[in-house]
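In what follows, a structure is listed as structure tokens, so that the remarks can point back to it.
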Amino acid sequence: MGVSERIAEYFGFDEYDTDLETEAISGLTTFLAMSYIIVVNPAILSEAIEIEGYGSGEVFQMIAVATILASIVGTLVMAFWANRPFGLAPGMGLNAFFAFTVVIGLGVPWEVALAAVFVEGIVFIALTAVGARRYVIELFPEPVKFAVGAGIGVYLLFLGLQEMQLVVADPETLVYLGNVATSPVAALSIVGLAVTFALHARGVRGAIVAGIVSTAVAGWLLTLAGVVAPGSLAPENEYELFTNEGLGGVLELLAAVQYDFTPLVYGFVDGLGMVTEDPLVFALVVFTFFFVDFFDTAGTLIGVSQIGGFLDEEGNLPEMEKPLMADAVGTTVGAMIGTSTVTTFIESSAGLEEGGRTGFTAFVVAGLFTLSLLIVPLMAAIPQYATYLALVVVGIIMLQGVTDIDWQDPAWSISAGLTITIMPLTASIANGLAAGIMSYPLIKTSTGEREDVSPGQWALAVAFVLYFGAYFATDAGMLAF
């Protein structure tokens, strides 16, 4: 039996009607769609993390290395323990909460914040091991579970179109149509999007990868040819490096990467010893990380599983505790080496659309993250607007989930409709879930079907009401910690 046959047998290719080539292309697609995190996560966290004796650039590179390593750990657990085609990395939103709310806003030392993320991870591991996380997720009302995929689809569309400058900010209407005549990014993005859609419609394997790569290459060629100014379609710093320093400068930059991230590890250890200095604030931070990450991960997992056809008739994911354990382990290890909460990425849906169905897709993602360690500074050379093409394509595909919703039933239409719309409008998967979960018992009671609501669903709704009550009061300055 050859290597490819052993791989196929181990990951169950026959069971999922897939093959090595499909899984490899899917892994590459997912990695390209989520690779921006290697640059964006350290850009956010370095705003809050300062280490004596090290410059901001060195701290940035330390966090980039920690980001990659945490992603590798979480994704490998997903590949070999859960056998699911999902990529993991430090989550967007939670990293901003870590940096700007907890550290900069509340004044919590970054070392203590890492300790809070670590405690959250340990709690997740314990709850996953005893099946508590799966139990809570399975309490989600059916219309909410079937609406999550479409909600995430609209969210992805919104994110992608913003990055491509086809949707721009407007002081009167909040958003407005971007002008392709004045924005090189919008002009090139719409061409790249059209090419990607055409390839996808023709059933071309690797259509999303081809769209990302061709758009990125076109951006660089237009910049090098002098058609547009550096910084418009190609990152300015990387352009200056390539044109002024040549290959020697690139090699020098690669050799100077700060791979020693032990100062972050020492900071985490120090943070554990500082917990007792303000235990109330520490408990609040742990709870907030826990609450938001719990439902963000749940929503993402259900949404991407829906597009992969993994959900059963009741909208549940079989053996859900296995992929849940992946993000729990990733979060725990990530905190120890210096990064914020690790979670399943919604960009995994891009690989699912290319046909990825097993853990080998995740293994490829982890392998590409490993290779990226060798070229940490050059990852920024991939224009972000090019990678976001994948979000738009996949976002549209995920809208098919609305066909599973009974729009004639008020309990279904209202809770599902709120789930779908609140996600993109508040830029939060957890908020969308909350809206659907809180509205479902209310509508069921209003229509005389209160007996259809389980005690657990009532408890979830009440928990969200209490959480948002405390959140709004704290945000308004009515509560202080």
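FYI, nothing fancy with the structure tokens labels: chains A, B, ... in order, residues from 1 per chain, ligands from 1 as they appear.
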How close does segment 358-463 of chain A get to segment 91-109 of chain A? List, as CSV, each residue of segment 358-463 of chain A within 12 Å, its nearest atom pair and the distance in Å to one decimal, counting only C-alpha atoms.
```
residue,atom,partner,partner_atom,distance
A:Thr426,CA,A:Gly93,CA,11.4
A:Ala427,CA,A:Gly93,CA,8.7
A:Ser428,CA,A:Gly93,CA,8.1
A:Ile429,CA,A:Gly93,CA,10.3
A:Ala430,CA,A:Gly93,CA,10.9
```
Put those residues in a file: N, CA and C atoms, as a PDB file, in the first residue's frame.
```pdb
ATOM      1  N   THR A 426     -23.785  43.876  13.074  1.00  0.00           N
ATOM      2  CA  THR A 426     -23.018  44.161  14.290  1.00  0.00           C
ATOM      3  C   THR A 426     -21.611  43.579  14.222  1.00  0.00           C
ATOM      4  N   ALA A 427     -21.277  42.980  13.074  1.00  0.00           N
ATOM      5  CA  ALA A 427     -19.953  42.365  12.861  1.00  0.00           C
ATOM      6  C   ALA A 427     -19.639  41.340  13.946  1.00  0.00           C
ATOM      7  N   SER A 428     -20.638  40.518  14.289  1.00  0.00           N
ATOM      8  CA  SER A 428     -20.450  39.537  15.351  1.00  0.00           C
ATOM      9  C   SER A 428     -21.351  38.326  15.139  1.00  0.00           C
ATOM     10  N   ILE A 429     -20.738  37.162  15.023  1.00  0.00           N
ATOM     11  CA  ILE A 429     -21.502  35.928  14.915  1.00  0.00           C
ATOM     12  C   ILE A 429     -22.253  35.667  16.218  1.00  0.00           C
ATOM     13  N   ALA A 430     -21.596  35.941  17.338  1.00  0.00           N
ATOM     14  CA  ALA A 430     -22.220  35.711  18.645  1.00  0.00           C
ATOM     15  C   ALA A 430     -23.471  36.558  18.823  1.00  0.00           C
TER      16      ALA A 430
END
```
Using only C-alpha atoms, tabulate the residues of segment 208-290 of chain A lying at most 12 Å from any atom of segment 470-474 of chain A, each with its closest atom pair and that distance in Å to one decimal, by chain and increasing residue number, as a tab-separated table.
```
residue	atom	partner	partner_atom	distance
A:Leu284	CA	A:Ala470	CA	10.8
A:Phe287	CA	A:Tyr471	CA	11.7
A:Thr288	CA	A:Tyr471	CA	9.4
```
Could you turn the residues from that selection into a file that holds N, CA, C and O atoms, as a JSON list (two decimals), in the first residue's frame?
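And here's again_16.json as it stands now:
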```
[["chain", "number", "residue", "atom", "x", "y", "z"],
["A", 284, "LEU", "N", -13.80, 38.96, 35.38],
["A", 284, "LEU", "CA", -14.64, 39.60, 34.36],
["A", 284, "LEU", "C", -14.06, 39.37, 32.97],
["A", 284, "LEU", "O", -14.79, 39.05, 32.02],
["A", 287, "PHE", "N", -14.52, 35.74, 31.94],
["A", 287, "PHE", "CA", -15.91, 35.48, 31.60],
["A", 287, "PHE", "C", -16.26, 36.04, 30.22],
["A", 287, "PHE", "O", -16.94, 35.37, 29.43],
["A", 288, "THR", "N", -15.81, 37.26, 29.93],
["A", 288, "THR", "CA", -16.13, 37.88, 28.64],
["A", 288, "THR", "C", -15.48, 37.11, 27.50],
["A", 288, "THR", "O", -16.11, 36.83, 26.47]]
```
Exercise for review: Could you tell me which of A:Ala8, A:Ala390, A:Ile302, A:Ile437 comes closest to Ala210 of chain A if we count only C-alpha atoms?
Suggested key: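 Of all the options, A:Ala390 lies closest to Ala210 of chain A.
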Review point. Looking only at the backbone, which of the residues in segment 74-319 of chain A does DSSP tag as alpha helix (DSSP H), as a PyMOL selection string?
Key: chain A and resi 74-77+94-96+110-129+132-138+142-163+184-201+207-224+236-240+246-255+262-274+279-307
**Study point:** Point-to-point distance from atom CA of Pro143 of chain A to atom CA of Glu354 of chain A, Å rounded to tenths
**Key:**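 Separation of atom CA of Pro143 of chain A and atom CA of Glu354 of chain A: 26.7 Å.
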Practice item. Tell me which protein, DNA and RNA residues are within 12 Å of Thr445 of chain A, counting only C-alpha atoms, leaving out same-chain ones fewer than 6 positions away, and put them as a VMD selection string. Key: chain A and resid 410 to 411 438 to 439 451 to 454 458
Output of the above residues as a PDB file, in the first residue's frame, restricted to N, CA and C atoms:
```pdb
ATOM      1  N   PRO A 410     -43.830  31.803  12.124  1.00  0.00           N
ATOM      2  CA  PRO A 410     -43.289  33.026  12.743  1.00  0.00           C
ATOM      3  C   PRO A 410     -42.077  32.766  13.640  1.00  0.00           C
ATOM      4  N   ALA A 411     -42.092  31.679  14.392  1.00  0.00           N
ATOM      5  CA  ALA A 411     -40.961  31.386  15.278  1.00  0.00           C
ATOM      6  C   ALA A 411     -39.693  31.131  14.466  1.00  0.00           C
ATOM      7  N   MET A 438     -32.661  34.520  21.833  1.00  0.00           N
ATOM      8  CA  MET A 438     -33.533  35.269  22.738  1.00  0.00           C
ATOM      9  C   MET A 438     -34.942  35.418  22.170  1.00  0.00           C
ATOM     10  N   SER A 439     -35.062  35.542  20.850  1.00  0.00           N
ATOM     11  CA  SER A 439     -36.379  35.776  20.261  1.00  0.00           C
ATOM     12  C   SER A 439     -37.216  34.496  20.164  1.00  0.00           C
ATOM     13  N   GLU A 451     -44.832  25.092  25.089  1.00  0.00           N
ATOM     14  CA  GLU A 451     -44.360  23.757  25.441  1.00  0.00           C
ATOM     15  C   GLU A 451     -43.259  23.270  24.497  1.00  0.00           C
ATOM     16  N   ASP A 452     -43.100  23.912  23.338  1.00  0.00           N
ATOM     17  CA  ASP A 452     -42.050  23.521  22.395  1.00  0.00           C
ATOM     18  C   ASP A 452     -40.664  24.030  22.805  1.00  0.00           C
ATOM     19  N   VAL A 453     -40.648  24.933  23.775  1.00  0.00           N
ATOM     20  CA  VAL A 453     -39.379  25.515  24.226  1.00  0.00           C
ATOM     21  C   VAL A 453     -38.887  24.738  25.449  1.00  0.00           C
ATOM     22  N   SER A 454     -37.700  24.192  25.360  1.00  0.00           N
ATOM     23  CA  SER A 454     -37.154  23.408  26.468  1.00  0.00           C
ATOM     24  C   SER A 454     -36.629  24.325  27.577  1.00  0.00           C
ATOM     25  N   TRP A 458     -34.799  28.225  27.435  1.00  0.00           N
ATOM     26  CA  TRP A 458     -35.150  29.374  28.269  1.00  0.00           C
ATOM     27  C   TRP A 458     -33.918  29.867  29.038  1.00  0.00           C
TER      28      TRP A 458
END
```
Point to revise | Nearby residues (only C-alpha atoms) at most 10 Å from Phe197 of chain A, same-chain spacing under 4 positions excluded, as JSON, numbers by chain | key: {"A": [191, 192, 193, 201, 202, 203, 207, 208, 211, 389, 392, 393]}
Write the residues of the preceding selection, restricted to C-alpha atoms, as a tab-separated table (two decimals), in the first residue's frame.
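Contents of the output file out_0.tsv:
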```tsv
chain	number	residue	atom	x	y	z
A	191	VAL	CA	-12.25	42.08	-12.49
A	192	GLY	CA	-10.74	39.40	-10.25
A	193	LEU	CA	-14.17	38.64	-8.81
A	201	ALA	CA	-19.57	28.59	-12.59
A	202	ARG	CA	-17.71	26.39	-15.10
A	203	GLY	CA	-16.79	23.98	-12.32
A	207	ALA	CA	-11.25	28.40	-9.03
A	208	ILE	CA	-10.91	30.37	-5.80
A	211	GLY	CA	-8.79	34.01	-8.57
A	389	LEU	CA	-12.23	37.47	-3.12
A	392	VAL	CA	-17.33	37.09	-1.45
A	393	VAL	CA	-17.59	33.91	-3.52
```
Practice item. Would you list the contacts of Asp260 of chain A as a list of chain:residue names, taking every protein, DNA or RNA residue within 10 Å and counting only C-alpha atoms, but skipping same-chain residues closer than 2 positions in sequence? Key: A:Glu58, A:Val59, A:Gln61, A:Met62, A:Val65, A:Ala66, A:Val257, A:Gln258, A:Thr262, A:Pro263, A:Leu264
Output for the residues just chosen: N, CA, C and O atoms as a JSON list (two decimals), in the first residue's frame:
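The new file again06.json reads:
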```json
[["chain", "number", "residue", "atom", "x", "y", "z"],
["A", 58, "GLU", "N", 10.43, 43.95, 16.44],
["A", 58, "GLU", "CA", 10.78, 42.63, 16.99],
["A", 58, "GLU", "C", 9.58, 42.00, 17.69],
["A", 58, "GLU", "O", 9.34, 40.79, 17.57],
["A", 59, "VAL", "N", 8.83, 42.83, 18.44],
["A", 59, "VAL", "CA", 7.64, 42.32, 19.12],
["A", 59, "VAL", "C", 6.62, 41.85, 18.09],
["A", 59, "VAL", "O", 5.98, 40.81, 18.25],
["A", 61, "GLN", "N", 7.18, 40.62, 15.15],
["A", 61, "GLN", "CA", 7.61, 39.34, 14.59],
["A", 61, "GLN", "C", 7.45, 38.20, 15.60],
["A", 61, "GLN", "O", 7.10, 37.07, 15.23],
["A", 62, "MET", "N", 7.68, 38.49, 16.88],
["A", 62, "MET", "CA", 7.45, 37.47, 17.91],
["A", 62, "MET", "C", 5.99, 37.02, 17.89],
["A", 62, "MET", "O", 5.68, 35.82, 17.93],
["A", 65, "VAL", "N", 5.14, 34.90, 14.88],
["A", 65, "VAL", "CA", 5.58, 33.50, 15.06],
["A", 65, "VAL", "C", 4.64, 32.77, 16.01],
["A", 65, "VAL", "O", 4.25, 31.62, 15.75],
["A", 66, "ALA", "N", 4.24, 33.43, 17.10],
["A", 66, "ALA", "CA", 3.30, 32.81, 18.04],
["A", 66, "ALA", "C", 1.95, 32.54, 17.37],
["A", 66, "ALA", "O", 1.32, 31.51, 17.61],
["A", 257, "VAL", "N", 14.58, 37.69, 10.98],
["A", 257, "VAL", "CA", 13.30, 37.46, 11.68],
["A", 257, "VAL", "C", 13.55, 37.10, 13.14],
["A", 257, "VAL", "O", 14.45, 36.32, 13.47],
["A", 258, "GLN", "N", 12.73, 37.69, 14.03],
["A", 258, "GLN", "CA", 12.85, 37.43, 15.47],
["A", 258, "GLN", "C", 12.04, 36.17, 15.80],
["A", 258, "GLN", "O", 10.85, 36.22, 16.10],
["A", 262, "THR", "N", 10.36, 33.67, 23.32],
["A", 262, "THR", "CA", 10.35, 33.35, 24.76],
["A", 262, "THR", "C", 9.99, 34.53, 25.66],
["A", 262, "THR", "O", 9.41, 34.32, 26.73],
["A", 263, "PRO", "N", 10.29, 35.80, 25.26],
["A", 263, "PRO", "CA", 9.81, 36.90, 26.11],
["A", 263, "PRO", "C", 8.29, 36.91, 26.28],
["A", 263, "PRO", "O", 7.79, 37.31, 27.34],
["A", 264, "LEU", "N", 7.57, 36.47, 25.28],
["A", 264, "LEU", "CA", 6.11, 36.37, 25.41],
["A", 264, "LEU", "C", 5.74, 35.26, 26.39],
["A", 264, "LEU", "O", 4.79, 35.41, 27.18]]
```
Check your understanding: Of the candidates A:Tyr135, A:Tyr385, A:Tyr239, A:Phe86, which shows the shortest atom-to-atom distance to Leu188 of chain A, using only C-alpha atoms?
Key -> A:Tyr385
**Study point:** Backbone-only DSSP, strand (DSSP E) members of segment 111-182 of chain A, as a PyMOL selection string
**Key:** chain A and resi 167-170+174-177
Point to revise | Residues within 8 Å of Val117 of chain A, only C-alpha atoms, excluding chain neighbours under 6 positions, as a ChimeraX atom specification | key: /A:286,289,331-332,335,340-341
Dump of N, CA, C and O atoms for the selected residues, as an mmCIF file, in the first residue's frame:
```cif
data_model
loop_
_atom_site.group_PDB
_atom_site.id
_atom_site.type_symbol
_atom_site.label_atom_id
_atom_site.label_comp_id
_atom_site.auth_asym_id
_atom_site.auth_seq_id
_atom_site.Cartn_x
_atom_site.Cartn_y
_atom_site.Cartn_z
ATOM 1 N N VAL A 286 -11.981 36.956 31.994
ATOM 2 C CA VAL A 286 -12.106 35.532 31.653
ATOM 3 C C VAL A 286 -13.535 35.227 31.197
ATOM 4 O O VAL A 286 -13.748 34.549 30.178
ATOM 5 N N PHE A 289 -14.189 36.783 27.658
ATOM 6 C CA PHE A 289 -13.518 35.954 26.653
ATOM 7 C C PHE A 289 -14.297 34.657 26.437
ATOM 8 O O PHE A 289 -14.547 34.239 25.307
ATOM 9 N N THR A 331 -6.371 27.433 21.892
ATOM 10 C CA THR A 331 -6.447 28.621 22.752
ATOM 11 C C THR A 331 -5.493 28.507 23.939
ATOM 12 O O THR A 331 -4.784 29.464 24.274
ATOM 13 N N THR A 332 -5.458 27.339 24.565
ATOM 14 C CA THR A 332 -4.593 27.136 25.734
ATOM 15 C C THR A 332 -3.123 27.277 25.360
ATOM 16 O O THR A 332 -2.360 28.001 26.024
ATOM 17 N N ALA A 335 -2.206 30.968 24.279
ATOM 18 C CA ALA A 335 -2.003 31.892 25.400
ATOM 19 C C ALA A 335 -0.626 31.711 26.022
ATOM 20 O O ALA A 335 0.029 32.689 26.411
ATOM 21 N N SER A 340 -3.740 35.699 21.404
ATOM 22 C CA SER A 340 -5.104 35.686 21.927
ATOM 23 C C SER A 340 -5.849 34.426 21.493
ATOM 24 O O SER A 340 -5.289 33.534 20.859
ATOM 25 N N THR A 341 -7.139 34.374 21.801
ATOM 26 C CA THR A 341 -7.973 33.191 21.642
ATOM 27 C C THR A 341 -7.946 32.619 20.225
ATOM 28 O O THR A 341 -8.125 33.338 19.242
#
```
**Study point:** segment 399-409 of chain A surroundings by only C-alpha atoms, 8 Å radius, close-in-sequence under 2 positions cut, as a list in words
**Key:**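 Counting only the stated atoms, we get Pro143, Phe146, Ala147, Gly149, Ala150, Gly151, Gly153, Val154, Gln306, Ile307, Gly395, Ile396, Ile397, Ala411, Trp412, Ser413 and Ala416 of chain A.
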How about saving the chosen residues, C-alpha atoms kept, as a PDB file, in the first residue's frame?
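Wrote part-v2.pdb, looks like this:
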```pdb
ATOM      1  CA  PRO A 143     -34.228  27.842  13.005  1.00  0.00           C
ATOM      2  CA  PHE A 146     -30.174  26.478  10.006  1.00  0.00           C
ATOM      3  CA  ALA A 147     -29.849  30.279   9.702  1.00  0.00           C
ATOM      4  CA  GLY A 149     -24.753  29.525   7.546  1.00  0.00           C
ATOM      5  CA  ALA A 150     -26.647  32.233   5.657  1.00  0.00           C
ATOM      6  CA  GLY A 151     -25.859  34.788   8.365  1.00  0.00           C
ATOM      7  CA  GLY A 153     -22.520  34.220   4.315  1.00  0.00           C
ATOM      8  CA  VAL A 154     -23.854  37.776   4.444  1.00  0.00           C
ATOM      9  CA  GLN A 306     -23.688  23.290   7.027  1.00  0.00           C
ATOM     10  CA  ILE A 307     -21.909  24.184   3.780  1.00  0.00           C
ATOM     11  CA  GLY A 395     -20.506  34.188   1.102  1.00  0.00           C
ATOM     12  CA  ILE A 396     -22.845  34.008  -1.858  1.00  0.00           C
ATOM     13  CA  ILE A 397     -22.710  30.206  -1.886  1.00  0.00           C
ATOM     14  CA  ALA A 411     -40.961  31.386  15.278  1.00  0.00           C
ATOM     15  CA  TRP A 412     -38.703  30.227  12.455  1.00  0.00           C
ATOM     16  CA  SER A 413     -38.860  33.360  10.300  1.00  0.00           C
ATOM     17  CA  ALA A 416     -33.801  32.982  11.721  1.00  0.00           C
TER      18      ALA A 416
END
```
**Study point:** Straight-line distance linking atom CA of Glu353 of chain A with atom CA of Val3 of chain A, stated in Å to one decimal
**Key:**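 Answer for the atom CA of Glu353 of chain A to atom CA of Val3 of chain A separation: 25.8 Å.
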Practice item. Counting only C-alpha atoms, figure out which residue out of A:Ala386, A:Met478, A:Phe290, A:Gly206 gets nearest to Ala186 of chain A. Key: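 Smallest separation from Ala186 of chain A among the options: A:Ala386.
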Check your understanding: Counting only C-alpha atoms, which of A:Gln384, A:Ser189, A:Ser26, A:Thr343 gets nearest to Gly231 of chain A?
Key ->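 Looking only at the distances to Gly231 of chain A, the closest residue turns out to be A:Gln384.
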Check your understanding: Given the choices A:Thr344, A:Thr173, A:Thr358, A:Ser56, which gets closest to Val329 of chain A if the distance is worked out from only C-alpha atoms?
Key ->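 Checking each candidate against Val329 of chain A, we get A:Thr344 as the closest.
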Revision key, fill the gap. Students should find that atom CA of Phe124 of chain A and atom CA of Leu368 of chain A are spaced 26.8 Å
Check your understanding: Between A:Leu45, A:Glu52, A:Val39, A:Leu69, which has the minimum distance to Phe369 of chain A (counting only C-alpha atoms)?
Key ->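 With only C-alpha atoms as the atom set, the closest residue is A:Leu69.
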